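Enquirer: I'm passing along target_27.cif; it holds mmCIF, C-alpha atoms.
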data_upload
#
loop_
_atom_site.group_PDB
_atom_site.id
_atom_site.type_symbol
_atom_site.label_atom_id
_atom_site.label_comp_id
_atom_site.auth_asym_id
_atom_site.auth_seq_id
_atom_site.Cartn_x
_atom_site.Cartn_y
_atom_site.Cartn_z
ATOM 1 C CA MET A 10 -8.774 9.069 -6.896
ATOM 2 C CA LYS A 11 -10.368 10.980 -4.082
ATOM 3 C CA TYR A 12 -7.239 13.071 -3.422
ATOM 4 C CA GLY A 13 -5.878 13.126 -6.998
ATOM 5 C CA ASN A 14 -2.625 11.314 -6.180
ATOM 6 C CA LEU A 15 -1.293 8.849 -3.632
ATOM 7 C CA VAL A 16 -1.413 10.330 -0.126
ATOM 8 C CA LEU A 17 1.318 9.357 2.328
ATOM 9 C CA GLU A 18 2.487 10.409 5.776
ATOM 10 C CA GLU A 19 6.032 11.821 5.602
ATOM 11 C CA LYS A 20 7.827 9.174 7.728
ATOM 12 C CA GLU A 21 5.975 6.392 5.946
ATOM 13 C CA PHE A 22 6.876 7.981 2.597
ATOM 14 C CA VAL A 23 10.591 7.858 3.514
ATOM 15 C CA LEU A 24 10.290 4.256 4.681
ATOM 16 C CA LEU A 25 8.367 3.236 1.568
ATOM 17 C CA LYS A 26 10.987 4.806 -0.724
ATOM 18 C CA ARG A 27 13.715 2.888 1.139
ATOM 19 C CA LEU A 28 11.800 -0.385 0.886
ATOM 20 C CA VAL A 29 11.144 0.121 -2.825
ATOM 21 C CA ASN A 30 14.799 0.974 -3.485
ATOM 22 C CA VAL A 31 16.086 -2.238 -1.885
ATOM 23 C CA SER A 32 13.428 -4.442 -3.454
ATOM 24 C CA GLY A 33 14.305 -3.861 -7.100
ATOM 25 C CA PHE A 34 15.795 -7.324 -7.512
ATOM 26 C CA TYR A 35 12.643 -9.406 -7.865
ATOM 27 C CA THR A 36 12.786 -11.984 -10.645
ATOM 28 C CA ASP A 37 9.011 -12.490 -10.627
ATOM 29 C CA ASN A 38 7.570 -10.144 -13.268
ATOM 30 C CA THR A 39 4.333 -9.479 -11.365
ATOM 31 C CA TYR A 40 6.247 -8.318 -8.284
ATOM 32 C CA LYS A 41 8.749 -6.364 -10.383
ATOM 33 C CA ASN A 42 5.975 -4.614 -12.331
ATOM 34 C CA SER A 43 4.102 -3.756 -9.115
ATOM 35 C CA ILE A 44 7.197 -2.201 -7.551
ATOM 36 C CA ASN A 45 7.897 -0.267 -10.760
ATOM 37 C CA LYS A 46 4.320 1.072 -10.901
ATOM 38 C CA LEU A 47 4.413 2.030 -7.210
ATOM 39 C CA THR A 48 7.757 3.790 -7.736
ATOM 40 C CA GLU A 49 6.187 5.755 -10.569
ATOM 41 C CA GLU A 50 3.168 6.713 -8.432
ATOM 42 C CA LEU A 51 5.474 7.877 -5.611
ATOM 43 C CA THR A 52 6.897 10.623 -7.841
ATOM 44 C CA SER A 53 3.602 12.511 -7.673
ATOM 45 C CA ALA A 54 2.496 11.494 -4.168
ATOM 46 C CA VAL A 55 1.121 14.119 -1.791
ATOM 47 C CA VAL A 56 2.984 13.931 1.519
ATOM 48 C CA TYR A 57 1.464 15.121 4.807
ATOM 49 C CA ASN A 58 2.678 15.216 8.377
ATOM 50 C CA GLU A 59 0.941 12.942 10.874
ATOM 51 C CA GLU A 60 -1.544 15.568 12.060
ATOM 52 C CA GLU A 61 -2.708 16.387 8.510
ATOM 53 C CA MET A 62 -3.155 12.796 7.302
ATOM 54 C CA PRO A 63 -6.697 12.001 6.156
ATOM 55 C CA LYS A 64 -8.140 9.124 8.200
ATOM 56 C CA ASP A 65 -9.562 7.329 5.158
ATOM 57 C CA VAL A 66 -6.191 6.778 3.414
ATOM 58 C CA ILE A 67 -4.503 3.365 3.392
ATOM 59 C CA ARG A 68 -1.184 3.467 5.183
ATOM 60 C CA PHE A 69 1.106 1.118 7.092
ATOM 61 C CA ASN A 70 -0.903 -1.023 9.556
ATOM 62 C CA SER A 71 -4.286 0.029 8.128
ATOM 63 C CA MET A 72 -7.055 -2.568 8.074
ATOM 64 C CA VAL A 73 -8.298 -2.567 4.497
ATOM 65 C CA THR A 74 -11.354 -4.056 2.801
ATOM 66 C CA ILE A 75 -11.070 -4.420 -0.964
ATOM 67 C CA GLN A 76 -13.851 -5.434 -3.354
ATOM 68 C CA ALA A 77 -13.163 -6.594 -6.895
ATOM 69 C CA VAL A 78 -15.430 -5.851 -9.825
ATOM 70 C CA ASN A 79 -15.794 -9.606 -10.389
ATOM 71 C CA GLY A 80 -17.333 -10.058 -6.918
ATOM 72 C CA TRP A 81 -14.680 -11.203 -4.457
ATOM 73 C CA SER A 82 -13.847 -9.257 -1.315
ATOM 74 C CA LYS A 83 -10.796 -9.366 0.961
ATOM 75 C CA GLN A 84 -9.959 -7.786 4.292
ATOM 76 C CA PHE A 85 -6.323 -7.505 5.388
ATOM 77 C CA GLN A 86 -3.829 -5.421 7.314
ATOM 78 C CA LEU A 87 -1.081 -3.687 5.304
ATOM 79 C CA VAL A 88 2.284 -4.256 7.010
ATOM 80 C CA ILE A 89 6.050 -3.911 6.576
ATOM 81 C CA PRO A 90 7.643 -6.902 4.801
ATOM 82 C CA SER A 91 8.973 -8.578 7.964
ATOM 83 C CA GLN A 92 5.432 -8.720 9.403
ATOM 84 C CA GLY A 93 3.780 -10.177 6.302
ATOM 85 C CA ASP A 94 1.721 -13.284 7.159
ATOM 86 C CA PHE A 95 -0.772 -14.259 4.474
ATOM 87 C CA LYS A 96 -2.513 -16.864 6.696
ATOM 88 C CA ASN A 97 -3.313 -14.139 9.235
ATOM 89 C CA SER A 98 -4.334 -11.584 6.573
ATOM 90 C CA LYS A 99 -1.225 -9.434 7.027
ATOM 91 C CA ILE A 100 -0.154 -8.324 3.558
ATOM 92 C CA SER A 101 3.322 -6.886 2.955
ATOM 93 C CA ILE A 102 3.609 -3.525 1.256
ATOM 94 C CA LEU A 103 5.985 -5.171 -1.249
ATOM 95 C CA THR A 104 3.436 -7.676 -2.560
ATOM 96 C CA PRO A 105 1.390 -6.747 -5.630
ATOM 97 C CA MET A 106 -1.720 -6.193 -3.445
ATOM 98 C CA GLY A 107 0.209 -4.113 -0.913
ATOM 99 C CA ALA A 108 1.823 -1.980 -3.606
ATOM 100 C CA ALA A 109 -1.561 -1.553 -5.283
ATOM 101 C CA VAL A 110 -3.409 -0.126 -2.276
ATOM 102 C CA ILE A 111 -0.953 2.051 -0.321
ATOM 103 C CA GLY A 112 -1.903 5.730 -0.432
ATOM 104 C CA TYR A 113 -5.400 5.202 -1.862
ATOM 105 C CA ALA A 114 -8.538 6.269 0.036
ATOM 106 C CA LYS A 115 -11.875 4.719 0.890
ATOM 107 C CA GLY A 116 -14.064 4.804 -2.223
ATOM 108 C CA ASP A 117 -11.138 4.866 -4.684
ATOM 109 C CA ASP A 118 -10.999 2.507 -7.650
ATOM 110 C CA ILE A 119 -7.626 0.908 -8.359
ATOM 111 C CA ILE A 120 -6.583 -0.733 -11.613
ATOM 112 C CA TRP A 121 -3.592 -3.012 -11.042
ATOM 113 C CA GLU A 122 -1.834 -5.926 -12.738
ATOM 114 C CA PHE A 123 -1.830 -9.182 -10.770
ATOM 115 C CA ARG A 124 -0.711 -12.706 -11.697
ATOM 116 C CA ASN A 125 -4.149 -13.509 -13.096
ATOM 117 C CA GLY A 126 -4.285 -10.290 -15.137
ATOM 118 C CA GLU A 127 -5.484 -6.748 -14.674
ATOM 119 C CA GLN A 128 -8.036 -6.250 -11.895
ATOM 120 C CA THR A 129 -10.224 -3.319 -10.936
ATOM 121 C CA LEU A 130 -10.557 -3.010 -7.169
ATOM 122 C CA LYS A 131 -12.586 -0.692 -4.967
ATOM 123 C CA VAL A 132 -11.387 0.393 -1.533
ATOM 124 C CA ALA A 133 -14.527 -0.460 0.461
ATOM 125 C CA ASP A 134 -13.214 0.421 3.917
ATOM 126 C CA VAL A 135 -10.116 1.679 5.745
ATOM 127 C CA LYS A 136 -9.602 1.505 9.508
ATOM 128 C CA GLN A 137 -6.473 2.909 11.097
ATOM 129 C CA GLN A 138 -4.507 0.808 13.578
ATOM 130 C CA HIS A 139 -2.456 3.236 15.605
ATOM 131 C CA SER A 140 0.990 1.679 15.762
ATOM 132 C CA THR A 141 4.149 3.570 15.061
ATOM 133 C CA ILE A 142 6.468 2.627 12.236
ATOM 134 C CA ASN A 143 10.211 2.754 12.736
ATOM 135 C CA SER A 144 11.346 4.780 9.727
ATOM 136 C CA ASP A 145 14.980 3.801 10.479
ATOM 137 C CA ILE A 146 14.150 0.143 9.857
ATOM 138 C CA LEU A 147 16.643 -0.174 6.980
ATOM 139 C CA LEU A 148 19.536 1.796 8.490
#
Will you turn the file into structure tokens for me?

Expert:
Amino acid sequence: MKYGNLVLEEKEFVLLKRLVNVSGFYTDNTYKNSINKLTEELTSAVVYNEEEMPKDVIRFNSMVTIQAVNGWSKQFQLVIPSQGDFKNSKISILTPMGAAVIGYAKGDDIIWEFRNGEQTLKVADVKQQHSTINSDILL
């Protein structure tokens, strides 16, 4: 990892912890395992304020390009669960792919368990979409 640990903006960190805490009831093992792994990674995350956030880190609303070792590539926007829309390439943070990429930086390799087994992914590109996130979304 470029920065050693997950890197998150402080308001997004609070929101992500809230989302993870209320999503612990998945019956699907792939989703459950992804949330558990993300929860574990959050314990050592580096948290910055907005002004300090590196521009190459995947965060809420980022446009992300992922490349897999086996050759496929996918571009999507990482969004809050209510905005998830797979057909329009808007991936919820609470999906296995969303949980896998949040807080990683351009150039990072990610090893994550998906339905079809463990995959190694490379963060090929990250573009920030400047929209604010309501951190009180779950209150």

Enquirer: My list of candidates is A:Asn45, A:Val31, A:Leu24, A:Val56. Which is closest to A:Gly112 when distances are computed with only C-alpha atoms?

Expert: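 Among A:Asn45, A:Val31, A:Leu24, A:Val56, it is A:Val56 that comes nearest to A:Gly112.
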
Enquirer: Can you list what the PyMOL selection byres ((chain A and resi 53) around 12) grabs from this structure, as JSON, numbers by chain?

Expert: {"A": [12, 13, 14, 15, 16, 17, 22, 46, 47, 48, 49, 50, 51, 52, 54, 55, 56, 112]}

Enquirer: Please, what distance in Å, to one decimal, runs between atom CA of A:Asn70 and atom CA of A:Ser32?

Expert: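 Computing it gives 19.7 Å between the two atoms.
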
Enquirer: Mind giving me the straight-line distance from atom CA of A:Lys26 to atom CA of A:Thr39 in Å, one decimal?

Expert: 19.0 Å

Enquirer: Within 8 Å of (5.1, -8.0, -12.2) in the file's own coordinates, which protein, DNA or RNA residues have an atom, counting only C-alpha atoms? List them as a VMD selection string.

Expert: chain A and resid 37 to 44 105 122 to 124

Enquirer: For the structure shown, which residues end up in the PyMOL selection byres ((chain A and resi 100) around 7)? Put them as a PyMOL selection string, please?

Expert: chain A and resi 85-88+93-95+98-99+101-102+107

Enquirer: Output C-alpha atoms of each residue in that selection to a file, as a JSON list (two decimals), in the frame of the given file.

Expert:
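The resulting file, again_33.json, is shown below:
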[["chain", "number", "residue", "atom", "x", "y", "z"],
["A", 85, "PHE", "CA", -6.32, -7.50, 5.39],
["A", 86, "GLN", "CA", -3.83, -5.42, 7.31],
["A", 87, "LEU", "CA", -1.08, -3.69, 5.30],
["A", 88, "VAL", "CA", 2.28, -4.26, 7.01],
["A", 93, "GLY", "CA", 3.78, -10.18, 6.30],
["A", 94, "ASP", "CA", 1.72, -13.28, 7.16],
["A", 95, "PHE", "CA", -0.77, -14.26, 4.47],
["A", 98, "SER", "CA", -4.33, -11.58, 6.57],
["A", 99, "LYS", "CA", -1.23, -9.43, 7.03],
["A", 101, "SER", "CA", 3.32, -6.89, 2.96],
["A", 102, "ILE", "CA", 3.61, -3.52, 1.26],
["A", 107, "GLY", "CA", 0.21, -4.11, -0.91]]

Enquirer: Quick one: distance from atom CA of A:Ser91 to atom CA of A:Ala108 in Å, one decimal?

Expert: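 Going from atom CA of A:Ser91 over to atom CA of A:Ala108 covers 15.1 Å.
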
Enquirer: Return the single residue from A:Leu130, A:Ala109, A:Leu25, A:Met62 that is closest to A:Ala77, with distances computed using only C-alpha atoms.

Expert: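 Among A:Leu130, A:Ala109, A:Leu25, A:Met62, it is A:Leu130 that comes nearest to A:Ala77.
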
Enquirer: Find the spatial neighbours of A:Glu18, counting all atoms listed in the file, within a cut-off of 6 Å - ignore same-chain residues fewer than 5 positions away - and output them as a PyMOL selection string.

Expert: chain A and resi 56-59

Enquirer: Within 8 Å of A:Gln76, counting only C-alpha atoms, which residues show up once you throw out same-chain ones fewer than 6 positions away? Write them as a ChimeraX atom specification, please.

Expert: /A:82-83,130-133

Enquirer: Which polymer residues have any atom within 8 Å of an atom of A:Thr129, counting all atoms listed in the file, with same-chain residues fewer than 6 positions away left out, as a list in words?

Expert: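 Surrounding residues, per the criterion: Ala77, Val78, Asp118, Ile119, Ile120 and Trp121 of chain A.
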
Enquirer: Measuring atom to atom with only C-alpha atoms, identify which of A:Glu127, A:Phe69, A:Lys11, A:Gln92 is nearest to A:His139.

Expert: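 Counting only C-alpha atoms, the residue closest to A:His139 is A:Phe69.
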
Enquirer: Counting only C-alpha atoms, which of A:Ala114, A:Gln128, A:Thr104, A:Gln138 gets nearest to A:Tyr35?

Expert: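 Of all the options, A:Thr104 lies closest to A:Tyr35.
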
Enquirer: Filtering to C-alpha atoms, could stretch 108-134 of chain A of the supplied structure be written out as an mmCIF file, in the first residue's frame?

Expert:
data_model
loop_
_atom_site.group_PDB
_atom_site.id
_atom_site.type_symbol
_atom_site.label_atom_id
_atom_site.label_comp_id
_atom_site.auth_asym_id
_atom_site.auth_seq_id
_atom_site.Cartn_x
_atom_site.Cartn_y
_atom_site.Cartn_z
ATOM 1 C CA ALA A 108 -15.452 -2.471 0.570
ATOM 2 C CA ALA A 109 -12.334 -3.725 -1.205
ATOM 3 C CA VAL A 110 -11.275 -0.397 -2.720
ATOM 4 C CA ILE A 111 -12.167 2.358 -0.228
ATOM 5 C CA GLY A 112 -9.076 4.036 1.215
ATOM 6 C CA TYR A 113 -6.604 2.539 -1.275
ATOM 7 C CA ALA A 114 -4.530 4.725 -3.620
ATOM 8 C CA LYS A 115 -3.669 4.738 -7.298
ATOM 9 C CA GLY A 116 -1.038 2.057 -7.919
ATOM 10 C CA ASP A 117 -2.023 -0.078 -4.904
ATOM 11 C CA ASP A 118 -2.589 -3.815 -5.227
ATOM 12 C CA ILE A 119 -5.601 -5.217 -3.386
ATOM 13 C CA ILE A 120 -6.183 -8.862 -2.523
ATOM 14 C CA TRP A 121 -9.860 -9.469 -1.765
ATOM 15 C CA GLU A 122 -12.319 -12.364 -1.589
ATOM 16 C CA PHE A 123 -15.185 -12.207 -4.085
ATOM 17 C CA ARG A 124 -17.907 -14.721 -4.984
ATOM 18 C CA ASN A 125 -15.665 -16.323 -7.599
ATOM 19 C CA GLY A 126 -12.710 -16.561 -5.200
ATOM 20 C CA GLU A 127 -9.755 -14.445 -4.205
ATOM 21 C CA GLN A 128 -8.761 -11.762 -6.715
ATOM 22 C CA THR A 129 -5.740 -9.502 -6.973
ATOM 23 C CA LEU A 130 -6.692 -6.052 -8.231
ATOM 24 C CA LYS A 131 -4.633 -3.000 -9.114
ATOM 25 C CA VAL A 132 -5.958 0.529 -8.665
ATOM 26 C CA ALA A 133 -5.184 1.875 -12.151
ATOM 27 C CA ASP A 134 -6.726 5.324 -11.741
#
